[in-house]
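Next comes entry-v6.pdb, a file with PDB, C-alpha atoms and all ligand atoms.
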```pdb
ATOM      1  CA  MET N  12      44.002  -4.767  -5.381  1.00  0.00           C
ATOM      2  CA  CYS N  13      41.359  -7.089  -4.025  1.00  0.00           C
ATOM      3  CA  GLU N  14      37.734  -7.873  -4.835  1.00  0.00           C
ATOM      4  CA  ILE N  15      36.612  -4.882  -2.754  1.00  0.00           C
ATOM      5  CA  CYS N  16      38.892  -2.409  -4.565  1.00  0.00           C
ATOM      6  CA  GLU N  17      37.928  -3.707  -7.974  1.00  0.00           C
ATOM      7  CA  LYS N  18      34.431  -2.377  -7.429  1.00  0.00           C
ATOM      8  CA  VAL N  19      35.644   1.174  -6.728  1.00  0.00           C
ATOM      9  CA  LYS N  20      34.529   3.525  -9.492  1.00  0.00           C
ATOM     10  CA  THR N  21      37.432   5.794 -10.425  1.00  0.00           C
ATOM     11  CA  ILE N  22      36.841   8.993 -12.383  1.00  0.00           C
ATOM     12  CA  ASP N  23      39.379  10.368 -14.874  1.00  0.00           C
ATOM     13  CA  PHE N  24      38.109  13.911 -14.856  1.00  0.00           C
ATOM     14  CA  PHE N  25      35.579  16.052 -13.017  1.00  0.00           C
ATOM     15  CA  PRO N  26      34.001  18.301 -15.663  1.00  0.00           C
ATOM     16  CA  THR N  27      32.152  20.392 -13.078  1.00  0.00           C
ATOM     17  CA  PRO N  28      32.213  20.909  -9.294  1.00  0.00           C
ATOM     18  CA  LYS N  29      29.112  18.728  -9.052  1.00  0.00           C
ATOM     19  CA  GLU N  30      31.024  15.642 -10.196  1.00  0.00           C
ATOM     20  CA  TYR N  31      33.697  16.409  -7.618  1.00  0.00           C
ATOM     21  CA  LEU N  32      31.181  16.789  -4.794  1.00  0.00           C
ATOM     22  CA  ASP N  33      29.372  13.620  -5.907  1.00  0.00           C
ATOM     23  CA  CYS N  34      32.700  11.791  -5.831  1.00  0.00           C
ATOM     24  CA  LEU N  35      33.432  13.053  -2.318  1.00  0.00           C
ATOM     25  CA  ASN N  36      30.067  11.744  -1.162  1.00  0.00           C
ATOM     26  CA  TYR N  37      30.899   8.437  -2.821  1.00  0.00           C
ATOM     27  CA  ILE N  38      34.238   8.309  -0.973  1.00  0.00           C
ATOM     28  CA  GLN N  39      32.518   9.077   2.309  1.00  0.00           C
ATOM     29  CA  SER N  40      30.072   6.239   1.652  1.00  0.00           C
ATOM     30  CA  LEU N  41      32.980   3.839   1.017  1.00  0.00           C
ATOM     31  CA  VAL N  42      34.450   4.814   4.400  1.00  0.00           C
ATOM     32  CA  ASP N  43      31.071   4.667   6.131  1.00  0.00           C
ATOM     33  CA  ASN N  44      30.486   1.167   4.762  1.00  0.00           C
ATOM     34  CA  GLY N  45      33.561   0.051   6.663  1.00  0.00           C
ATOM     35  CA  ASN N  46      35.826  -1.224   3.878  1.00  0.00           C
ATOM     36  CA  PHE N  47      38.016   1.884   3.597  1.00  0.00           C
ATOM     37  CA  LEU N  48      39.614   4.402   5.912  1.00  0.00           C
ATOM     38  CA  PHE N  49      41.065   7.838   5.289  1.00  0.00           C
ATOM     39  CA  GLU N  50      44.819   7.679   4.738  1.00  0.00           C
ATOM     40  CA  SER N  51      44.961  11.467   4.572  1.00  0.00           C
ATOM     41  CA  LYS N  52      42.574  14.306   3.972  1.00  0.00           C
ATOM     42  CA  ASP N  53      42.909  18.049   3.666  1.00  0.00           C
ATOM     43  CA  CYS N  54      39.585  18.509   5.442  1.00  0.00           C
ATOM     44  CA  ASP N  55      36.405  16.674   6.293  1.00  0.00           C
ATOM     45  CA  ILE N  56      34.310  15.770   3.267  1.00  0.00           C
ATOM     46  CA  ASP N  57      31.547  18.181   4.240  1.00  0.00           C
ATOM     47  CA  ARG N  58      34.014  21.038   4.760  1.00  0.00           C
ATOM     48  CA  VAL N  59      35.453  21.447   1.252  1.00  0.00           C
ATOM     49  CA  GLN N  60      33.315  24.552   0.925  1.00  0.00           C
ATOM     50  CA  ASP N  61      32.698  27.101   3.635  1.00  0.00           C
ATOM     51  CA  ILE N  62      29.250  28.376   4.558  1.00  0.00           C
ATOM     52  CA  ASN N  63      29.453  30.908   1.711  1.00  0.00           C
ATOM     53  CA  GLY N  64      30.166  28.174  -0.835  1.00  0.00           C
ATOM     54  CA  HIS N  65      33.836  29.076  -1.255  1.00  0.00           C
ATOM     55  CA  TRP N  66      36.393  26.301  -1.621  1.00  0.00           C
ATOM     56  CA  ILE N  67      38.659  25.996   1.393  1.00  0.00           C
ATOM     57  CA  ASP N  68      41.765  25.793  -0.789  1.00  0.00           C
ATOM     58  CA  ASP N  69      43.009  25.915  -4.392  1.00  0.00           C
ATOM     59  CA  VAL N  70      43.927  22.248  -4.312  1.00  0.00           C
ATOM     60  CA  ILE N  71      42.137  19.686  -2.174  1.00  0.00           C
ATOM     61  CA  SER N  72      42.974  16.023  -1.836  1.00  0.00           C
ATOM     62  CA  HIS N  73      41.562  13.031  -0.023  1.00  0.00           C
ATOM     63  CA  VAL N  74      43.252   9.632   0.086  1.00  0.00           C
ATOM     64  CA  ILE N  75      41.440   6.482   1.143  1.00  0.00           C
ATOM     65  CA  LYS N  76      42.937   3.084   1.813  1.00  0.00           C
ATOM     66  CA  CYS N  77      41.413  -0.357   1.512  1.00  0.00           C
ATOM     67  CA  LYS N  78      41.361  -2.073   4.902  1.00  0.00           C
ATOM     68  CA  ASN N  79      41.554  -5.468   3.216  1.00  0.00           C
ATOM     69  CA  CYS N  80      44.602  -5.085   0.957  1.00  0.00           C
ATOM     70  CA  GLY N  81      46.044  -1.625   1.606  1.00  0.00           C
ATOM     71  CA  GLN N  82      45.413  -0.212  -1.878  1.00  0.00           C
ATOM     72  CA  CYS N  83      45.096   3.582  -1.853  1.00  0.00           C
ATOM     73  CA  PHE N  84      42.847   5.759  -3.999  1.00  0.00           C
ATOM     74  CA  THR N  85      43.289   9.517  -4.320  1.00  0.00           C
ATOM     75  CA  CYS N  86      40.653  12.117  -5.015  1.00  0.00           C
ATOM     76  CA  PHE N  87      42.227  15.376  -6.129  1.00  0.00           C
ATOM     77  CA  ALA N  88      40.655  18.616  -7.251  1.00  0.00           C
ATOM     78  CA  ASN N  89      42.148  21.867  -8.420  1.00  0.00           C
ATOM     79  CA  THR N  90      39.402  24.277  -7.454  1.00  0.00           C
ATOM     80  CA  TYR N  91      41.319  27.256  -8.849  1.00  0.00           C
ATOM     81  CA  ARG N  92      41.915  26.056 -12.400  1.00  0.00           C
ATOM     82  CA  GLY N  93      39.099  23.531 -12.393  1.00  0.00           C
ATOM     83  CA  GLY N  94      39.312  19.809 -12.901  1.00  0.00           C
ATOM     84  CA  GLY N  95      40.348  16.883 -10.808  1.00  0.00           C
ATOM     85  CA  ARG N  96      40.190  13.114 -10.660  1.00  0.00           C
ATOM     86  CA  PHE N  97      39.685  10.060  -8.517  1.00  0.00           C
ATOM     87  CA  ARG N  98      42.374   7.514  -9.215  1.00  0.00           C
ATOM     88  CA  LYS N  99      44.050   4.417  -7.915  1.00  0.00           C
ATOM     89  CA  GLY N 100      47.275   5.156  -6.046  1.00  0.00           C
ATOM     90  CA  LYS N 101      48.539   7.998  -3.880  1.00  0.00           C
TER      91      LYS N 101
HETATM   92 ZN    ZN U   1      41.466  -3.865  -1.498  1.00  0.00          ZN
END
```

Would you mind writing the file out in structure tokens?
Ligand SMILES: [Zn+2]
Amino acid sequence: MCEICEKVKTIDFFPTPKEYLDCLNYIQSLVDNGNFLFESKDCDIDRVQDINGHWIDDVISHVIKCKNCGQCFTCFANTYRGGGRFRKGK
């Protein structure tokens, strides 16, 4: 963890799809700002839903990594059962 990572806002639970989509946009902004890169991703951030609004998969995860210290953060959603989180670690 470094001073950049400490400012990352993790989320324990996404109560609705909106919180998940907001979090994905937040993750994309972290990458766009240049401090993080994608360690792995199931799809591009703007492709989690198809043109009909259907989720691309039952479980979707995105992992970002701090360029400064290497700390990873994982955003995971279970679109089938509902719920998900954005947490420190892989
Ligand atoms: Zn860091």

Would you tabulate, counting only C-alpha atoms and all ligand atoms, all residues of chain N that have an atom at most 9 Å from an atom of ligand ZN 1 (chain U), showing the closest pair of atoms and their distance in Å to one decimal, sorted by chain then ascending number, as CSV?
```
residue,atom,partner,partner_atom,distance
N:Met12,CA,U:ZN1,ZN,4.7
N:Cys13,CA,U:ZN1,ZN,4.1
N:Glu14,CA,U:ZN1,ZN,6.4
N:Ile15,CA,U:ZN1,ZN,5.1
N:Cys16,CA,U:ZN1,ZN,4.3
N:Glu17,CA,U:ZN1,ZN,7.4
N:Asn46,CA,U:ZN1,ZN,8.2
N:Phe47,CA,U:ZN1,ZN,8.4
N:Lys76,CA,U:ZN1,ZN,7.8
N:Cys77,CA,U:ZN1,ZN,4.6
N:Lys78,CA,U:ZN1,ZN,6.6
N:Asn79,CA,U:ZN1,ZN,5.0
N:Cys80,CA,U:ZN1,ZN,4.2
N:Gly81,CA,U:ZN1,ZN,6.0
N:Gln82,CA,U:ZN1,ZN,5.4
N:Cys83,CA,U:ZN1,ZN,8.3
```

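If you look at CA of Ile67 in chain N and CA of Lys20 in chain N, they are 25.3 Å away from each other.
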
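Using all atoms listed in the file, the protein and nucleic acid residues lying no more than 6 Å from Thr85 in chain N, apart from those fewer than 2 places from it along its own chain, are His73, Val74, Phe97, Arg98 and Lys101 of chain N.
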
Checklist entry - Can you tell me how far CA of Gly64 in chain N sits from CA of Thr90 in chain N, in Å to one decimal? => result 12.0 Å

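Note that CA of Lys99 in chain N and CA of Thr21 in chain N are 7.2 Å apart.
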
Checklist entry - Could you list as a list in words every residue that has an atom within 12 Å of (42.3, 25.0, -5.3), using the file's coordinates and counting only C-alpha atoms? => result Pro28, Asp53, Val59, Gln60, His65, Trp66, Ile67, Asp68, Asp69, Val70, Ile71, Ser72, Phe87, Ala88, Asn89, Thr90, Tyr91, Arg92, Gly93, Gly94 and Gly95 of chain N

Residues from the last selection, C-alpha atoms, saved as a PDB file, keeping the file's coordinate frame:
```pdb
ATOM      1  CA  PRO N  28      32.213  20.909  -9.294  1.00  0.00           C
ATOM      2  CA  ASP N  53      42.909  18.049   3.666  1.00  0.00           C
ATOM      3  CA  VAL N  59      35.453  21.447   1.252  1.00  0.00           C
ATOM      4  CA  GLN N  60      33.315  24.552   0.925  1.00  0.00           C
ATOM      5  CA  HIS N  65      33.836  29.076  -1.255  1.00  0.00           C
ATOM      6  CA  TRP N  66      36.393  26.301  -1.621  1.00  0.00           C
ATOM      7  CA  ILE N  67      38.659  25.996   1.393  1.00  0.00           C
ATOM      8  CA  ASP N  68      41.765  25.793  -0.789  1.00  0.00           C
ATOM      9  CA  ASP N  69      43.009  25.915  -4.392  1.00  0.00           C
ATOM     10  CA  VAL N  70      43.927  22.248  -4.312  1.00  0.00           C
ATOM     11  CA  ILE N  71      42.137  19.686  -2.174  1.00  0.00           C
ATOM     12  CA  SER N  72      42.974  16.023  -1.836  1.00  0.00           C
ATOM     13  CA  PHE N  87      42.227  15.376  -6.129  1.00  0.00           C
ATOM     14  CA  ALA N  88      40.655  18.616  -7.251  1.00  0.00           C
ATOM     15  CA  ASN N  89      42.148  21.867  -8.420  1.00  0.00           C
ATOM     16  CA  THR N  90      39.402  24.277  -7.454  1.00  0.00           C
ATOM     17  CA  TYR N  91      41.319  27.256  -8.849  1.00  0.00           C
ATOM     18  CA  ARG N  92      41.915  26.056 -12.400  1.00  0.00           C
ATOM     19  CA  GLY N  93      39.099  23.531 -12.393  1.00  0.00           C
ATOM     20  CA  GLY N  94      39.312  19.809 -12.901  1.00  0.00           C
ATOM     21  CA  GLY N  95      40.348  16.883 -10.808  1.00  0.00           C
TER      22      GLY N  95
END
```

Checklist entry - Can you list, as a ChimeraX atom specification, every protein, DNA or RNA residue that comes within 12 Å of Asn36 in chain N when you count all atoms listed in the file, leaving out same-chain residues fewer than 6 positions away? => result /N:29-30,42-43,55-59,73,86

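Residue nearest Arg96 in chain N within the list N:Leu41, N:Asp61, N:Phe84, N:Cys54: N:Phe84 [criterion: smallest interatomic distance, all atoms listed in the file].
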
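Ranking N:Glu50, N:Gly100, N:Val19, N:Phe24 by their shortest atom-to-atom distance to Tyr37 in chain N, with all atoms listed in the file included, puts N:Val19 first.
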